[in-house]
Amino acid sequence: MPRKLTFAQAVREAMAEEMRRDPAVFLMGEDVGGAGGVFKVTVGLLEEFGPERVRDTPIAEAGFMGLAVGAALTGMRPIVEIMFGDFITLAMDQIVNQACKLRYMSGGQARVPLTIRTTLGAGRSSAAQHSQSLHAWFAHIPGIKVAIPSTPADAKGLLKSAIRDDNVCIVFEDKMMYRLEGDVPDGDLPIPFGQADVKRPGEDVTLIATSSMVHVALKAAELLQKENISAEVIDPRTLVPLDREALVQSVRKTGRALIIDEGHQKYGVTAELAAVIQEEAFDDLDAPVARLGAADVPVPFSTALEFETIPNEARIIAAVKATWGPDGKKR
Amino acid sequence: MELGPEKLKDMYRRMVVIRKFEEHIYDIYTRGLMPGLAHLYIGEEAVAVGACAALRDDDFIASTHRGHGHLIAKGGRIDRMMAEVMGKVDGYCRGKGGSMHIADMSLGILGANGIVGGGLGIITGAALSARMRKTDQVALGFFGDGALNQGIFLETVNMAAIWKLPVIYLCENNQYGEYTAASKVTAGHDLCARAAAFDVPARQVDGLDILAVYEATQWAVDRARSGEGPSFLLCQTYRYRGHHVGDQNTYRTKEEIEQWMARDCIRRLASRLTAGGSASEADLRAVDEAVEAEVVAAVDFGLHSPMPDPREVVEHVFA
Ligand SMILES: Cc1ncc(C[n+]2csc(CCOP(=O)(O)OP(=O)(O)O)c2C)c(N)n1
Ligand SMILES: [Mg+2]
C-alpha cells in the first residue's frame, strides 16, 4: 500500500530505515540533531538514534566533510548533510581531491562509502549565496555518483541506494520540494542508480527534466496537450551514472528534445545531455536539441528578478514550439 | 615504556632503510627512471620512526607529500613503494598514485596526500570511526609546518577536542614550506599555543632525538587510548635536501644546512647504541650493508615490474 509522504518525510524515512538496518550508518551536519535540521528533514532521528549517530557539528564544512571521508575509509558509512548547497563550496577539497580520488589513487584499495545530502534550487528569495544548483560540478568529477530526485518516492529509494553504495554519492534535494506530497510505496525498495523514469508518456517531443523542473515540465506538458502537442516527460533521476539509453530511446521516438535543469545553462547539465542526444540520436532528430537552464547570472533577491532566472512553464512551451520553426505550428 | 636494545636496534634499522630508500630515489629520479616529483625525507627519519614505534599495527596514520618515511616507519613494503614511484603495476596503487599517493589500507596507512593539510580531515575521521566502532585504535596524522596555516587544521582540532577523539596531530616543523621559511609566514612565537587554545595538550619535541619523539608519542597514544582525547606534538626537524629533487636550495645557507646535519638523527642513535653497549660499530655497519642490499633489491623489483596495461586506466574509479 503506498502512503502519502512529503519529500522531507521520505528522505527521513530512508535515513531512519538504513540506520536501523546497519549500525555503521550515521548522520552528521549542522543542526541535524535536536533542531531537526534547518529544513526539518531530520526531525526525530536524534531521539531514535542518539547524539553519537545523529551528530551536530560545528559550522565547519571542510572539517566535518573531512571527518566523514576518514570515517568512511575506516569502516563507517557516514551521511553528511550540507544545509544549503552553496556551502558545499567550502568542502570541495575534501570531496573532490580526497573522497572522489582515494579509490582510484590507491589502485582500488580504498573504499569510501560516503553519502552527501544537500540542497539546490532558487525560489525562496534567498539570493545568490543560498539558491544555487551546483549539481553539475559534481557530475563533472569522476568518482562520485549524483542523484537528483524529483518525487518523494524517488528521493527515498535513491537515498537508500546511495547509503548502501560503497562509493561516494551525492543526493541533491530541491529545498522548494520538501513539502511536496507524493505516493511512496511501503517496504524496503532501494531504487538503483542509472535508471531514468518516464513521468508522462508522449509522442511529439521529449522533455528531459531534473529535480523540481520535472514538475514544471509536467505542467507545461498538460498545457501543450491542450494545443495538441503530446510531450513525454522523462527524469534521468541520476546524472552519474546516466541512463543514456532511456533518454535516447525517447528522443528517437519523438524526434524532438528539450532539456530543462535548474543549474546554470552554460557548461551545465543541459549541455551534457544535449551532447549525449546528438551523439546517439542525431539521425532521428527533426530539430536541434533545445535547452533551458537557469539564467547565467547570480540568483537575485527580489521576486521580480528571481523568477526571471528559473525555467518556467511559459518558457518551456515557447521552447517546445520553437522546435517547429518560427511559426511554432505543429506539422 | 622503556625501549629494550632489540627495539632500539630495529628503530635504527628503520631509519637507515628510510635514508637509503631516499638516496636511491634521488638516484633513480636523476637517472630518469621515476617521473613526477620526489620529496625526500632525508634528515627527518627520527620523527616518522620514533612516532610509529609507539603505534600498533592496527592504528592509523595519514601522511603527506613527503610521505616515504612515514610509510616505511609504519611497515610499508619498500619494493612495492619503489614499483609505485616508477608507475609500475606491482606498485601499491598499480601505478595510479605515485609517490604522493601511496597507501596501504591493510597497515592502517590511509595515504600520502598531495594536498597540504589534506590528511587532517581523514585522520580525525579515522579517530571518530575508531570511537564509533568501539575499538581502542588511535589515529596519528603527520603534517608539515605549512599545514599549520590551513583552515582545516583549526576545524579538525576543534572537533577532535569537543568530541575527545583518539587522534594525535604531529607537526613536522622542518622550518620551510617549499622555499619559504615557516617563521616568515606563521604567526605566534609558540606554535603549541595553537593547540592549547582548544585545551588540547601539546608538547614541543626535538625531532632529531628519536627517543624524545618516541616518548612524546607514547604519551599522546596513552592519552588517546584511554579516552583522554587528542594531543598535539610539534617536532622540530630539518630536511637536508631541497623541497623536491631538483630544488636548488637558494633560499637557505650552506651553514644553516650543515648546522642541522651536524646533529644527524641516525648518527645520534648510533652513538647511543654503541656507547650503551647494545651494538658495536661493526654490528651497525652490518645493518647498513644489509639494508643497502634490501633497498637495491627493491629498486630491482621496481625496475623489473611491468607497466600497467593501458586498459587499467578505467579501473578503480568506482568500487
Ligand atoms: C593545498 C596545497 N597548496 C599548495 C601546495 C603546493 N605545495 C606542495 S608541498 C608545499 C609545502 C608544504 O610545506 P610543509 O607543509 O611544511 O611540508 P614540507 O614540504 O616542509 O614537508 C606546497 C606549498 C599543495 N600541494 N597543496
Ligand atoms: Mg615544512
# chains A, B, ... in the order shown; residues from 1 in each chain; ligands from 1
>>> interface_residues(of="chain A", to="chain B", cutoff="9 Å", atoms="only C-alpha atoms", output="VMD selection string")
chain A and resid 24 52 to 53 57 to 76 93 to 94 97 to 98 100 to 112 142 to 144 165 to 168
>>> residues_near_ligand(ligand="ligand 2", cutoff="6 Å", atoms="only C-alpha atoms and all ligand atoms", output="ChimeraX atom specification")
/B:144-146,173-177
>>> select_by_dssp(residues="segment 118-294 of chain A", states="strand (DSSP E)", output="number ranges by chain")
A: 118-120, 144-147, 168-174, 181-184, 197-200, 205-209, 231-235, 238-240, 257-264, 290-294
>>> select_by_dssp(residues="segment 79-279 of chain B", states="helix (DSSP H, G or I)", output="JSON, numbers by chain")
{"B": [79, 80, 81, 82, 83, 84, 85, 99, 100, 101, 105, 106, 107, 118, 119, 120, 121, 122, 123, 124, 125, 126, 127, 128, 129, 130, 131, 132, 145, 146, 147, 148, 149, 151, 152, 153, 154, 155, 156, 157, 158, 159, 160, 161, 162, 182, 183, 184, 185, 192, 193, 194, 195, 196, 210, 211, 212, 213, 214, 215, 216, 217, 218, 219, 220, 221, 222, 223, 224, 225, 254, 255, 256, 257, 258, 259, 260, 261, 265, 266, 267, 268, 269, 270, 271, 272, 273, 274, 275]}
>>> closest_residue(among="A:Leu223, A:Ala290, A:Met92, A:Ala14", to="ligand 1", atoms="only C-alpha atoms and all ligand atoms")
A:Met92
>>> closest_residue(among="B:Glu23, B:Glu215, B:Asp247, B:Asp10", to="ligand 1", atoms="only C-alpha atoms and all ligand atoms")
B:Asp247
>>> residues_around(residues="segment 12-22 of chain B", least_positions_apart="6", cutoff="7 Å", atoms="only C-alpha atoms", output="PDB file with N, CA and C atoms, in the first residue's frame")
ATOM      1  N   LEU B  40      62.043  14.353  -0.743  1.00  0.00           N
ATOM      2  CA  LEU B  40      62.846  13.450   0.084  1.00  0.00           C
ATOM      3  C   LEU B  40      62.722  13.784   1.573  1.00  0.00           C
ATOM      4  N   TYR B  41      62.788  12.727   2.382  1.00  0.00           N
ATOM      5  CA  TYR B  41      62.598  12.827   3.841  1.00  0.00           C
ATOM      6  C   TYR B  41      63.930  12.810   4.571  1.00  0.00           C
ATOM      7  N   ILE B  42      65.015  12.821   3.831  1.00  0.00           N
ATOM      8  CA  ILE B  42      66.340  12.687   4.453  1.00  0.00           C
ATOM      9  C   ILE B  42      66.570  13.778   5.504  1.00  0.00           C
ATOM     10  N   GLU B  45      64.184  11.391   9.574  1.00  0.00           N
ATOM     11  CA  GLU B  45      63.809   9.996   9.824  1.00  0.00           C
ATOM     12  C   GLU B  45      63.355   9.715  11.255  1.00  0.00           C
ATOM     13  N   ALA B  46      63.964  10.419  12.216  1.00  0.00           N
ATOM     14  CA  ALA B  46      63.654  10.119  13.621  1.00  0.00           C
ATOM     15  C   ALA B  46      62.196  10.411  13.957  1.00  0.00           C
ATOM     16  N   VAL B  49      59.987   7.371  12.472  1.00  0.00           N
ATOM     17  CA  VAL B  49      60.265   6.094  13.133  1.00  0.00           C
ATOM     18  C   VAL B  49      59.948   6.176  14.620  1.00  0.00           C
ATOM     19  N   GLY B  69      58.971   8.254   4.285  1.00  0.00           N
ATOM     20  CA  GLY B  69      59.446   7.880   5.621  1.00  0.00           C
ATOM     21  C   GLY B  69      58.317   7.376   6.508  1.00  0.00           C
ATOM     22  N   ILE B  72      57.289   3.781   5.416  1.00  0.00           N
ATOM     23  CA  ILE B  72      58.268   2.762   5.806  1.00  0.00           C
ATOM     24  C   ILE B  72      58.202   2.545   7.316  1.00  0.00           C
ATOM     25  N   ALA B  73      58.088   3.627   8.060  1.00  0.00           N
ATOM     26  CA  ALA B  73      58.054   3.503   9.522  1.00  0.00           C
ATOM     27  C   ALA B  73      56.837   2.710   9.988  1.00  0.00           C
ATOM     28  N   ILE B 266      70.347   9.838  12.803  1.00  0.00           N
ATOM     29  CA  ILE B 266      70.770   8.437  12.731  1.00  0.00           C
ATOM     30  C   ILE B 266      72.088   8.252  13.493  1.00  0.00           C
ATOM     31  N   LEU B 269      71.482   8.185  17.269  1.00  0.00           N
ATOM     32  CA  LEU B 269      71.049   6.915  17.860  1.00  0.00           C
ATOM     33  C   LEU B 269      72.188   5.891  17.805  1.00  0.00           C
ATOM     34  N   VAL B 287      74.264  -3.860   9.717  1.00  0.00           N
ATOM     35  CA  VAL B 287      72.873  -3.443   9.457  1.00  0.00           C
ATOM     36  C   VAL B 287      72.827  -2.569   8.209  1.00  0.00           C
ATOM     37  N   ASP B 288      73.734  -1.595   8.142  1.00  0.00           N
ATOM     38  CA  ASP B 288      73.747  -0.686   6.992  1.00  0.00           C
ATOM     39  C   ASP B 288      73.891  -1.458   5.686  1.00  0.00           C
ATOM     40  N   VAL B 291      70.749  -3.432   4.830  1.00  0.00           N
ATOM     41  CA  VAL B 291      69.687  -2.532   4.361  1.00  0.00           C
ATOM     42  C   VAL B 291      69.976  -2.093   2.932  1.00  0.00           C
ATOM     43  N   GLU B 292      71.230  -1.770   2.658  1.00  0.00           N
ATOM     44  CA  GLU B 292      71.588  -1.347   1.304  1.00  0.00           C
ATOM     45  C   GLU B 292      71.182  -2.433   0.293  1.00  0.00           C
ATOM     46  N   VAL B 295      67.429  -2.456  -0.188  1.00  0.00           N
ATOM     47  CA  VAL B 295      66.908  -1.349  -0.994  1.00  0.00           C
ATOM     48  C   VAL B 295      67.275  -1.553  -2.467  1.00  0.00           C
TER      49      VAL B 295
END
>>> closest_residue(among="A:Ala153, A:Ile170, A:Val43, A:Val146", to="Gly182 of chain A", atoms="only C-alpha atoms")
A:Ala153
>>> closest_residue(among="B:Lys9, B:Arg194, B:Arg241, B:Arg56", to="ligand 1", atoms="only C-alpha atoms and all ligand atoms")
B:Arg241
>>> residues_around(residues="Tyr169 of chain B", least_positions_apart="4", cutoff="7 Å", atoms="only C-alpha atoms", output="MDAnalysis selection string")
chainID B and resid 140:142 231:233
>>> closest_residue(among="B:Ile210, B:Cys235, B:Val138, B:Cys171", to="Arg272 of chain B", atoms="only C-alpha atoms")
B:Ile210
>>> residues_around(residues="Gly276 of chain B", least_positions_apart="4", cutoff="12 Å", atoms="only C-alpha atoms", output="list in words")
Gly4, Pro5, Leu8, Lys9, Leu269, Ala270, Ser271, Arg272, Ser280 and Glu281 of chain B
>>> write_last_selection(atoms="C-alpha atoms", output="tab-separated table (two decimals), in the first residue's frame")
chain	number	residue	atom	x	y	z
B	4	GLY	CA	64.91	-2.58	25.03
B	5	PRO	CA	68.06	-2.93	22.92
B	8	LEU	CA	66.25	0.33	19.60
B	9	LYS	CA	68.23	-1.59	17.02
B	269	LEU	CA	71.05	6.91	17.86
B	270	ALA	CA	74.11	5.01	16.62
B	271	SER	CA	76.30	6.70	19.24
B	272	ARG	CA	73.77	5.91	21.91
B	280	SER	CA	79.18	-2.41	18.17
B	281	GLU	CA	80.28	-0.26	15.22
>>> residues_around(residues="Ala294 of chain A", least_positions_apart="6", cutoff="9 Å", atoms="only C-alpha atoms", output="list in words")
Ser133, Ile260, Asp261, Glu262, Gly263, His264, Gln265, Lys266, Glu308, Thr309, Ile310 and Pro311 of chain A
>>> closest_residue(among="B:Glu178, B:Glu294, B:Asp59, B:Asp264", to="ligand 1", atoms="only C-alpha atoms and all ligand atoms")
B:Glu178
>>> atom_distance(atom1="atom CA of Val213 of chain B", atom2="atom CA of Glu44 of chain B")
11.3 Å
>>> atom_distance(atom1="atom CA of Leu191 of chain B", atom2="atom 10 (C, counted along the ligand's line) of ligand 1")
18.8 Å
